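This is run.cif (mmCIF, C-alpha atoms).
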```
data_model
loop_
_atom_site.group_PDB
_atom_site.id
_atom_site.type_symbol
_atom_site.label_atom_id
_atom_site.label_comp_id
_atom_site.auth_asym_id
_atom_site.auth_seq_id
_atom_site.Cartn_x
_atom_site.Cartn_y
_atom_site.Cartn_z
ATOM 1 C CA MET A 27 15.000 83.498 -4.953
ATOM 2 C CA ASN A 28 11.800 83.787 -2.910
ATOM 3 C CA LYS A 29 9.789 86.979 -2.553
ATOM 4 C CA ASP A 30 10.963 87.762 0.985
ATOM 5 C CA VAL A 31 14.592 87.701 -0.148
ATOM 6 C CA CYS A 32 13.724 89.842 -3.176
ATOM 7 C CA LEU A 33 12.013 92.388 -0.934
ATOM 8 C CA HIS A 34 14.986 92.467 1.462
ATOM 9 C CA ALA A 35 17.445 93.008 -1.400
ATOM 10 C CA ALA A 36 15.148 95.632 -2.926
ATOM 11 C CA ALA A 37 14.984 97.575 0.350
ATOM 12 C CA VAL A 38 18.785 97.709 0.508
ATOM 13 C CA LEU A 39 19.092 98.864 -3.100
ATOM 14 C CA LEU A 40 16.462 101.565 -2.636
ATOM 15 C CA LYS A 41 18.305 102.885 0.411
ATOM 16 C CA ASN A 42 21.486 103.076 -1.677
ATOM 17 C CA ARG A 43 19.762 105.537 -3.995
ATOM 18 C CA ASN A 44 19.636 108.161 -1.243
ATOM 19 C CA THR A 45 23.376 108.792 -1.088
ATOM 20 C CA SER A 46 26.074 109.945 -3.478
ATOM 21 C CA LEU A 47 28.574 107.730 -1.676
ATOM 22 C CA LYS A 48 29.689 104.495 -3.341
ATOM 23 C CA VAL A 49 28.225 101.482 -1.560
ATOM 24 C CA PRO A 50 29.241 97.847 -1.015
ATOM 25 C CA ARG A 51 27.581 95.078 -2.968
ATOM 26 C CA LEU A 52 24.690 93.106 -1.527
ATOM 27 C CA LYS A 53 25.350 90.541 1.177
ATOM 28 C CA PRO A 54 25.918 87.062 -0.286
ATOM 29 C CA GLU A 55 22.501 85.767 0.742
ATOM 30 C CA LEU A 56 20.791 88.665 -1.077
ATOM 31 C CA ARG A 57 22.748 88.541 -4.333
ATOM 32 C CA PRO A 58 20.789 87.582 -7.450
ATOM 33 C CA LYS A 59 22.248 84.659 -9.345
ATOM 34 C CA SER A 60 20.107 84.730 -12.470
ATOM 35 C CA ILE A 61 18.057 86.968 -14.752
ATOM 36 C CA ASP A 62 14.905 85.824 -12.963
ATOM 37 C CA ASP A 63 16.384 86.767 -9.565
ATOM 38 C CA ALA A 64 17.397 90.218 -10.819
ATOM 39 C CA LEU A 65 14.033 90.956 -12.427
ATOM 40 C CA GLY A 66 12.308 89.711 -9.275
ATOM 41 C CA ILE A 67 14.253 92.273 -7.236
ATOM 42 C CA GLN A 68 13.371 95.015 -9.739
ATOM 43 C CA ALA A 69 9.694 94.150 -9.323
ATOM 44 C CA ALA A 70 10.086 94.180 -5.528
ATOM 45 C CA MET A 71 11.655 97.650 -5.714
ATOM 46 C CA ALA A 72 8.613 98.905 -7.624
ATOM 47 C CA GLU A 73 6.355 97.326 -5.008
ATOM 48 C CA LEU A 74 8.223 98.962 -2.135
ATOM 49 C CA ARG A 75 8.335 102.348 -3.838
ATOM 50 C CA GLN A 76 4.540 102.360 -4.091
ATOM 51 C CA ASP A 77 4.683 104.598 -7.120
ATOM 52 C CA SER A 78 3.854 103.465 -10.603
ATOM 53 C CA VAL A 79 6.470 102.484 -13.139
ATOM 54 C CA GLY A 80 6.646 105.547 -15.369
ATOM 55 C CA GLY A 81 8.960 104.102 -17.996
ATOM 56 C CA TRP A 82 11.565 101.551 -18.967
ATOM 57 C CA LYS A 83 15.134 101.517 -20.214
ATOM 58 C CA CYS A 84 16.226 98.830 -22.636
ATOM 59 C CA LEU A 85 18.641 97.725 -25.324
ATOM 60 C CA LEU A 86 18.747 94.592 -27.409
ATOM 61 C CA PRO A 87 20.194 91.760 -25.264
ATOM 62 C CA ILE A 88 23.984 91.578 -25.179
ATOM 63 C CA ALA A 89 23.782 87.820 -24.540
ATOM 64 C CA ALA A 90 21.237 85.301 -23.266
ATOM 65 C CA ASP A 91 22.326 86.045 -19.692
ATOM 66 C CA LYS A 92 22.907 89.790 -20.194
ATOM 67 C CA LEU A 93 19.603 91.543 -20.688
ATOM 68 C CA ILE A 94 19.388 95.330 -20.669
ATOM 69 C CA VAL A 95 16.030 96.142 -19.104
ATOM 70 C CA ALA A 96 14.965 98.128 -16.035
ATOM 71 C CA PRO A 97 11.931 100.048 -14.811
ATOM 72 C CA ILE A 98 12.055 103.808 -14.314
ATOM 73 C CA PHE A 99 9.885 104.979 -11.437
ATOM 74 C CA ALA A 100 7.285 107.659 -12.120
ATOM 75 C CA ASP A 101 8.541 109.876 -9.297
ATOM 76 C CA ASP A 102 12.000 109.897 -10.921
ATOM 77 C CA ILE A 103 10.829 111.380 -14.233
ATOM 78 C CA GLN A 104 11.299 115.142 -14.610
ATOM 79 C CA SER A 105 10.811 117.921 -17.147
ATOM 80 C CA GLY A 106 11.206 121.683 -17.230
ATOM 81 C CA ARG A 107 14.234 124.003 -17.060
ATOM 82 C CA GLN A 108 15.921 122.289 -14.104
ATOM 83 C CA CYS A 109 16.753 118.675 -13.366
ATOM 84 C CA GLU A 110 17.633 117.419 -9.891
ATOM 85 C CA LEU A 111 19.813 114.350 -9.586
ATOM 86 C CA MET A 112 22.277 112.697 -7.245
ATOM 87 C CA ALA A 113 25.892 113.645 -7.898
ATOM 88 C CA ASP A 114 28.149 110.797 -9.019
ATOM 89 C CA THR A 115 31.818 111.556 -8.244
ATOM 90 C CA GLY A 116 30.829 115.222 -8.020
ATOM 91 C CA VAL A 117 29.248 115.640 -11.446
ATOM 92 C CA ALA A 118 25.910 115.154 -13.177
ATOM 93 C CA LYS A 119 26.076 112.007 -15.289
ATOM 94 C CA VAL A 120 23.551 111.760 -18.118
ATOM 95 C CA GLU A 121 23.009 109.907 -21.383
ATOM 96 C CA PRO A 122 21.390 111.715 -24.342
ATOM 97 C CA GLU A 123 18.561 109.584 -25.713
ATOM 98 C CA ILE A 124 15.121 109.646 -27.300
ATOM 99 C CA ALA A 125 12.098 108.746 -25.177
ATOM 100 C CA PHE A 126 9.174 107.047 -26.904
ATOM 101 C CA VAL A 127 5.971 107.603 -24.912
ATOM 102 C CA LEU A 128 3.165 105.092 -25.262
ATOM 103 C CA ALA A 129 -0.227 106.502 -26.242
ATOM 104 C CA LYS A 130 -1.998 103.143 -25.905
ATOM 105 C CA ASP A 131 -1.917 100.301 -23.385
ATOM 106 C CA LEU A 132 -0.176 97.075 -24.404
ATOM 107 C CA PRO A 133 -1.489 94.412 -22.002
ATOM 108 C CA ALA A 134 0.569 91.341 -21.156
ATOM 109 C CA GLN A 135 -0.020 88.460 -23.555
ATOM 110 C CA THR A 136 1.664 85.254 -24.671
ATOM 111 C CA ASP A 137 1.702 86.133 -28.378
ATOM 112 C CA ASP A 138 4.105 88.670 -29.816
ATOM 113 C CA TYR A 139 2.926 92.149 -30.687
ATOM 114 C CA SER A 140 3.823 93.061 -34.250
ATOM 115 C CA GLU A 141 6.173 95.938 -35.002
ATOM 116 C CA ALA A 142 3.224 97.753 -36.600
ATOM 117 C CA GLN A 143 1.140 97.360 -33.430
ATOM 118 C CA ILE A 144 3.959 98.693 -31.264
ATOM 119 C CA ASN A 145 4.679 101.598 -33.623
ATOM 120 C CA ASP A 146 0.984 102.468 -33.552
ATOM 121 C CA ALA A 147 1.019 102.431 -29.730
ATOM 122 C CA ILE A 148 3.889 104.939 -29.607
ATOM 123 C CA GLY A 149 2.616 108.502 -29.266
ATOM 124 C CA ASP A 150 4.845 111.463 -28.475
ATOM 125 C CA CYS A 151 8.624 111.260 -28.819
ATOM 126 C CA HIS A 152 10.953 113.472 -26.787
ATOM 127 C CA MET A 153 14.542 114.505 -26.501
ATOM 128 C CA ALA A 154 15.575 112.877 -23.247
ATOM 129 C CA LEU A 155 18.366 112.319 -20.763
ATOM 130 C CA GLU A 156 18.782 109.152 -18.783
ATOM 131 C CA LEU A 157 20.040 110.144 -15.328
ATOM 132 C CA ILE A 158 22.968 107.943 -14.328
ATOM 133 C CA GLN A 159 24.346 106.937 -10.932
ATOM 134 C CA ARG A 160 26.938 104.193 -10.532
ATOM 135 C CA ARG A 161 26.155 103.174 -6.989
ATOM 136 C CA PHE A 162 28.407 100.186 -6.322
ATOM 137 C CA ALA A 163 32.024 100.875 -5.387
ATOM 138 C CA ASP A 164 34.398 99.794 -8.158
ATOM 139 C CA SER A 165 36.392 97.736 -5.672
ATOM 140 C CA GLU A 166 33.297 95.664 -4.878
ATOM 141 C CA GLN A 167 33.161 93.988 -8.310
ATOM 142 C CA ALA A 168 29.403 93.556 -8.211
ATOM 143 C CA SER A 169 28.105 90.944 -10.652
ATOM 144 C CA PHE A 170 26.054 91.828 -13.731
ATOM 145 C CA PHE A 171 22.978 90.357 -12.047
ATOM 146 C CA GLU A 172 23.421 92.734 -9.082
ATOM 147 C CA VAL A 173 23.784 95.734 -11.379
ATOM 148 C CA LEU A 174 20.720 94.568 -13.326
ATOM 149 C CA ALA A 175 18.694 94.191 -10.118
ATOM 150 C CA ASP A 176 19.735 97.741 -9.167
ATOM 151 C CA GLY A 177 18.311 99.158 -12.406
ATOM 152 C CA LEU A 178 21.476 99.287 -14.528
ATOM 153 C CA VAL A 179 22.779 102.553 -12.999
ATOM 154 C CA ASN A 180 19.525 104.378 -13.745
ATOM 155 C CA GLN A 181 18.435 107.059 -11.272
ATOM 156 C CA GLY A 182 15.723 108.636 -13.367
ATOM 157 C CA LEU A 183 14.762 110.276 -16.638
ATOM 158 C CA PHE A 184 14.495 113.852 -17.925
ATOM 159 C CA LEU A 185 12.014 114.520 -20.721
ATOM 160 C CA GLY A 186 12.859 117.398 -23.032
ATOM 161 C CA PRO A 187 10.948 118.859 -25.990
ATOM 162 C CA LYS A 188 8.815 116.777 -28.314
ATOM 163 C CA LEU A 189 10.290 115.504 -31.567
ATOM 164 C CA ASP A 190 8.658 114.661 -34.865
ATOM 165 C CA LYS A 191 7.627 111.007 -34.458
ATOM 166 C CA GLN A 192 8.736 109.783 -37.867
ATOM 167 C CA LYS A 193 12.131 111.460 -37.527
ATOM 168 C CA ALA A 194 12.538 110.003 -34.038
ATOM 169 C CA LEU A 195 11.691 106.476 -35.209
ATOM 170 C CA ALA A 196 14.374 106.752 -37.897
ATOM 171 C CA ALA A 197 17.059 108.520 -35.831
ATOM 172 C CA SER A 198 19.959 106.096 -36.130
ATOM 173 C CA LEU A 199 22.484 108.948 -36.277
ATOM 174 C CA ILE A 200 22.237 112.290 -34.472
ATOM 175 C CA ASN A 201 24.839 115.057 -34.376
ATOM 176 C CA LEU A 202 24.807 116.411 -30.824
ATOM 177 C CA SER A 203 26.131 119.589 -29.266
ATOM 178 C CA ILE A 204 26.215 120.475 -25.572
ATOM 179 C CA THR A 205 27.320 123.959 -24.514
ATOM 180 C CA GLN A 206 28.213 125.050 -20.963
ATOM 181 C CA GLY A 207 29.305 128.675 -20.858
ATOM 182 C CA ASP A 208 31.926 129.174 -23.572
ATOM 183 C CA ALA A 209 32.678 125.457 -23.950
ATOM 184 C CA THR A 210 30.893 123.359 -26.565
ATOM 185 C CA GLN A 211 31.207 119.604 -26.920
ATOM 186 C CA LEU A 212 30.286 118.017 -30.258
ATOM 187 C CA TYR A 213 29.364 114.364 -30.746
ATOM 188 C CA ASP A 214 28.750 112.263 -33.837
ATOM 189 C CA GLY A 215 25.894 110.438 -32.154
ATOM 190 C CA LYS A 216 25.107 106.854 -33.137
ATOM 191 C CA HIS A 217 22.414 104.661 -31.634
ATOM 192 C CA PRO A 218 23.986 101.500 -30.118
ATOM 193 C CA ASN A 219 21.412 99.261 -31.840
ATOM 194 C CA GLN A 220 21.235 101.360 -35.040
ATOM 195 C CA ASN A 221 17.433 101.287 -35.103
ATOM 196 C CA PRO A 222 16.271 103.220 -32.006
ATOM 197 C CA VAL A 223 12.934 101.379 -31.886
ATOM 198 C CA SER A 224 14.176 97.789 -32.210
ATOM 199 C CA PRO A 225 14.902 97.497 -28.453
ATOM 200 C CA ILE A 226 11.262 98.444 -27.774
ATOM 201 C CA TYR A 227 10.024 95.574 -29.930
ATOM 202 C CA TRP A 228 12.164 93.204 -27.867
ATOM 203 C CA LEU A 229 11.224 94.816 -24.520
ATOM 204 C CA ILE A 230 7.460 94.721 -25.081
ATOM 205 C CA ASN A 231 7.379 91.103 -26.194
ATOM 206 C CA TYR A 232 9.900 89.762 -23.669
ATOM 207 C CA MET A 233 8.337 91.439 -20.640
ATOM 208 C CA SER A 234 4.772 90.886 -21.879
ATOM 209 C CA LYS A 235 5.372 87.134 -21.792
ATOM 210 C CA ARG A 236 6.553 87.575 -18.198
ATOM 211 C CA GLY A 237 3.183 89.080 -17.291
ATOM 212 C CA VAL A 238 4.167 92.763 -17.483
ATOM 213 C CA SER A 239 1.618 95.120 -19.031
ATOM 214 C CA PHE A 240 2.695 98.422 -20.551
ATOM 215 C CA ARG A 241 0.496 101.459 -20.037
ATOM 216 C CA ALA A 242 -0.211 104.631 -21.938
ATOM 217 C CA GLY A 243 2.048 107.409 -20.652
ATOM 218 C CA GLN A 244 5.061 105.221 -19.970
ATOM 219 C CA ALA A 245 8.296 106.543 -21.506
ATOM 220 C CA LEU A 246 10.662 104.027 -23.114
ATOM 221 C CA ILE A 247 14.340 104.818 -23.710
ATOM 222 C CA THR A 248 16.582 102.628 -25.826
ATOM 223 C CA GLY A 249 20.218 103.702 -25.539
ATOM 224 C CA SER A 250 22.558 106.666 -25.518
ATOM 225 C CA TYR A 251 23.774 108.400 -28.656
ATOM 226 C CA ALA A 252 27.005 109.494 -26.953
ATOM 227 C CA GLY A 253 27.639 107.267 -23.931
ATOM 228 C CA VAL A 254 27.710 108.771 -20.434
ATOM 229 C CA LEU A 255 28.349 112.526 -20.327
ATOM 230 C CA GLU A 256 29.745 114.241 -17.233
ATOM 231 C CA LEU A 257 28.365 117.757 -16.827
ATOM 232 C CA ALA A 258 28.681 120.445 -14.172
ATOM 233 C CA PHE A 259 25.968 121.405 -11.721
ATOM 234 C CA ASP A 260 24.462 124.882 -11.307
ATOM 235 C CA CYS A 261 25.077 126.226 -14.785
ATOM 236 C CA LEU A 262 23.002 126.460 -17.942
ATOM 237 C CA ASN A 263 23.399 123.772 -20.610
ATOM 238 C CA ASP A 264 22.330 124.194 -24.235
ATOM 239 C CA ILE A 265 21.582 120.763 -25.699
ATOM 240 C CA GLU A 266 20.906 120.378 -29.426
ATOM 241 C CA TYR A 267 20.058 117.372 -31.578
ATOM 242 C CA GLN A 268 20.924 118.754 -35.012
ATOM 243 C CA HIS A 269 17.876 119.133 -37.292
ATOM 244 C CA LEU A 270 15.638 117.682 -34.568
ATOM 245 C CA GLY A 271 15.425 120.027 -31.586
ATOM 246 C CA ALA A 272 17.163 121.931 -28.785
ATOM 247 C CA TYR A 273 16.584 123.033 -25.196
ATOM 248 C CA GLN A 274 18.258 124.525 -22.124
ATOM 249 C CA ILE A 275 18.631 122.820 -18.772
ATOM 250 C CA GLU A 276 20.357 123.333 -15.423
ATOM 251 C CA PHE A 277 21.388 120.400 -13.232
ATOM 252 C CA ILE A 278 20.832 120.703 -9.488
ATOM 253 C CA ALA A 279 22.518 118.306 -7.054
ATOM 254 C CA LYS A 280 20.211 116.441 -4.687
ATOM 255 C CA LYS A 281 20.998 116.729 -1.027
ATOM 256 C CA VAL A 282 23.197 113.931 0.232
ATOM 257 C CA HIS A 283 21.974 111.639 3.027
ATOM 258 C CA ARG A 284 24.745 109.936 4.967
#
```

Can you give me the file's structure in the form of structure tokens?
Amino acid sequence: MNKDVCLHAAAVLLKNRNTSLKVPRLKPELRPKSIDDALGIQAAMAELRQDSVGGWKCLLPIAADKLIVAPIFADDIQSGRQCELMADTGVAKVEPEIAFVLAKDLPAQTDDYSEAQINDAIGDCHMALELIQRRFADSEQASFFEVLADGLVNQGLFLGPKLDKQKALAASLINLSITQGDATQLYDGKHPNQNPVSPIYWLINYMSKRGVSFRAGQALITGSYAGVLELAFDCLNDIEYQHLGAYQIEFIAKKVHR
């Protein structure tokens, strides 16, 4: 897939992020047909956005042709007491995660970084929420490569309070509670790859060999401890990671562009 096609597909996908309506899949001539096509469109989206990549989402690969990796744009990273996101079927969809923020640059290179080098490059760790938006209509049956090109349903990231680094690196299991009003939901949280840092080792070395450099300040998230949660807008949420930290947040719906 040449760069002009990647840029055209990227422009369409970026436009789709400005509506809460479900959208059709890409036109046949714009559809990625490989991992390289999908990652090329992701890179074109970053180019068109003209803002820096502020983070990445990743998991260990599901299969050779099913990689879980996508950039998170700097302008889509939030913190504070409120979080604005696009409604998805009328609710705020989020995934409770841990964000590992780099304190050192890791330039692209052909040799692998060691786990010790990557651990040393990780600085602050935060309670975090991946902001989710399933943009393609279910009836469209978009391919995995299209969903990958679109950022794997990511619409941003919320950074909560800092966590103890050593506890965050070892947080395979987290008991979660989320309270809205008088209703509390409890979750026996389990990281999908058991070790929450192992996807970062893969991400850094895979993308580094593709010429991607990682920069200090970028936030890396590696999977939800409780899947996708559907929460209401315009009310206070108490979110607690037992023995790790807690915070309050209110979700605000972005205005819909039709």

Quick one: everything within 8 Å of region 191-195 of chain A, counting all atoms listed in the file, minus sequence neighbours fewer than 2 positions away in the same chain. Send it as an mmCIF file with C-alpha atoms, in the frame of the given file.
```cif
data_model
loop_
_atom_site.group_PDB
_atom_site.id
_atom_site.type_symbol
_atom_site.label_atom_id
_atom_site.label_comp_id
_atom_site.auth_asym_id
_atom_site.auth_seq_id
_atom_site.Cartn_x
_atom_site.Cartn_y
_atom_site.Cartn_z
ATOM 1 C CA ILE A 124 15.121 109.646 -27.300
ATOM 2 C CA GLY A 149 2.616 108.502 -29.266
ATOM 3 C CA ASP A 150 4.845 111.463 -28.475
ATOM 4 C CA CYS A 151 8.624 111.260 -28.819
ATOM 5 C CA LEU A 189 10.290 115.504 -31.567
ATOM 6 C CA ALA A 197 17.059 108.520 -35.831
ATOM 7 C CA ASN A 221 17.433 101.287 -35.103
ATOM 8 C CA PRO A 222 16.271 103.220 -32.006
ATOM 9 C CA VAL A 223 12.934 101.379 -31.886
ATOM 10 C CA LEU A 270 15.638 117.682 -34.568
#
```

Go through region 96-176 of chain A and flag each residue having an atom no more than 12 Å from region 203-220 of chain A; for those, report the closest pair of atoms plus their distance in Å to one decimal, using only C-alpha atoms, ordered by chain and rising number, as a tab-separated table.
```
residue	atom	partner	partner_atom	distance
A:Val120	CA	A:Ile204	CA	11.8
A:Glu121	CA	A:Gly215	CA	11.2
A:Pro122	CA	A:Gly215	CA	9.1
A:Glu123	CA	A:His217	CA	8.6
A:Ile124	CA	A:His217	CA	9.8
```

**OP:** Step by step, work through what the PyMOL selection byres ((chain A and resi 83) around 8) selects in the shown file, and finish by giving those residues as a list of chain:residue names.
**Re:**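 Expected selection for the PyMOL selection byres ((chain A and resi 83) around 8) here is A:Gly81, A:Trp82, A:Cys84, A:Leu85, A:Ile94, A:Val95, A:Ala96, A:Pro97, A:Ile98, A:Leu246, A:Ile247, A:Thr248, A:Gly249.
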
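With all atoms listed in the file as the atoms that count, the residue of A:Val79, A:Tyr267, A:Ala175, A:Gln274 with the shortest distance to Ser239 (chain A) is A:Val79.
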
**OP:** Would you be able to write out as a list in words which residues have an atom within 8 Å of (22.0, 118.5, -4.9) in the file's coordinates, counting only C-alpha atoms?
**Re:**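 Residues lying no farther than 8 Å from the given point: Glu110, Leu111, Met112, Ala113, Ile278, Ala279, Lys280, Lys281 and Val282 of chain A.
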
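The smallest atom-to-atom distance between Pro87 (chain A) and any of A:Ala242, A:Leu33, A:Leu229, A:Leu262, using all atoms listed in the file, is found for A:Leu229.
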
Original post:
Using all atoms listed in the file, which residue out of A:Thr115, A:Gln108, A:Asn180, A:Asn44 lies closest to Asp260 (chain A)?
Top reply: A:Gln108

Original post:
Applied to this file, what does the PyMOL selection byres ((chain A and resi 235) around 9) return in terms of residues, put as JSON, numbers by chain?
Top reply: {"A": [134, 135, 136, 137, 138, 230, 231, 232, 233, 234, 236, 237, 238]}

**OP:** Could you jot down the CA of Pro187 (chain A) to CA of Arg160 (chain A) separation for me, Å, one decimal place?
**Re:**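 Atom-to-atom, CA of Pro187 (chain A) to CA of Arg160 (chain A), that is 26.6 Å.
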
**OP:** For a cut-off of 12 Å around (0.2, 104.3, -29.4), file coordinates, pick out all residues using all atoms listed in the file and list them as a ChimeraX atom specification.
**Re:** /A:126-132,141-151,191,240-245

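In this model, the gap between CA of Arg75 (chain A) and CA of Pro50 (chain A) comes to 21.6 Å.
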
Original post:
Which of these residues is nearest to Ala35 (chain A), using only C-alpha atoms: A:Asp264, A:Asp102, A:Asp114, A:Asp176?
Top reply: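 The shortest atom-to-atom distance to Ala35 (chain A) comes from A:Asp176.
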
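Going from CA of Gln181 (chain A) over to CA of Glu156 (chain A), you cover 7.8 Å.
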
Original post:
Which of these, A:Gln76, A:Ser198, A:Gln159, A:Ser140, has the shortest distance to Ser250 (chain A) once you count all atoms listed in the file?
Top reply: A:Ser198

Nearby residues (all atoms listed in the file) at most 8 Å from Glu256 (chain A), same-chain spacing under 5 positions excluded, as a PDB file with C-alpha atoms, in the coordinates of the input:
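Listing of result-v1.pdb after writing:
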```pdb
ATOM      1  CA  VAL A 117      29.248 115.640 -11.446  1.00  0.00           C
ATOM      2  CA  ALA A 118      25.910 115.154 -13.177  1.00  0.00           C
ATOM      3  CA  LYS A 119      26.076 112.007 -15.289  1.00  0.00           C
ATOM      4  CA  VAL A 120      23.551 111.760 -18.118  1.00  0.00           C
TER       5      VAL A 120
END
```

Original post:
Of the candidates A:Leu93, A:Met27, A:Leu185, A:Leu255, which one gets nearest to Val173 (chain A) if we count all atoms listed in the file?
Top reply: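 Ranking A:Leu93, A:Met27, A:Leu185, A:Leu255 by distance to Val173 (chain A), first place goes to A:Leu93.
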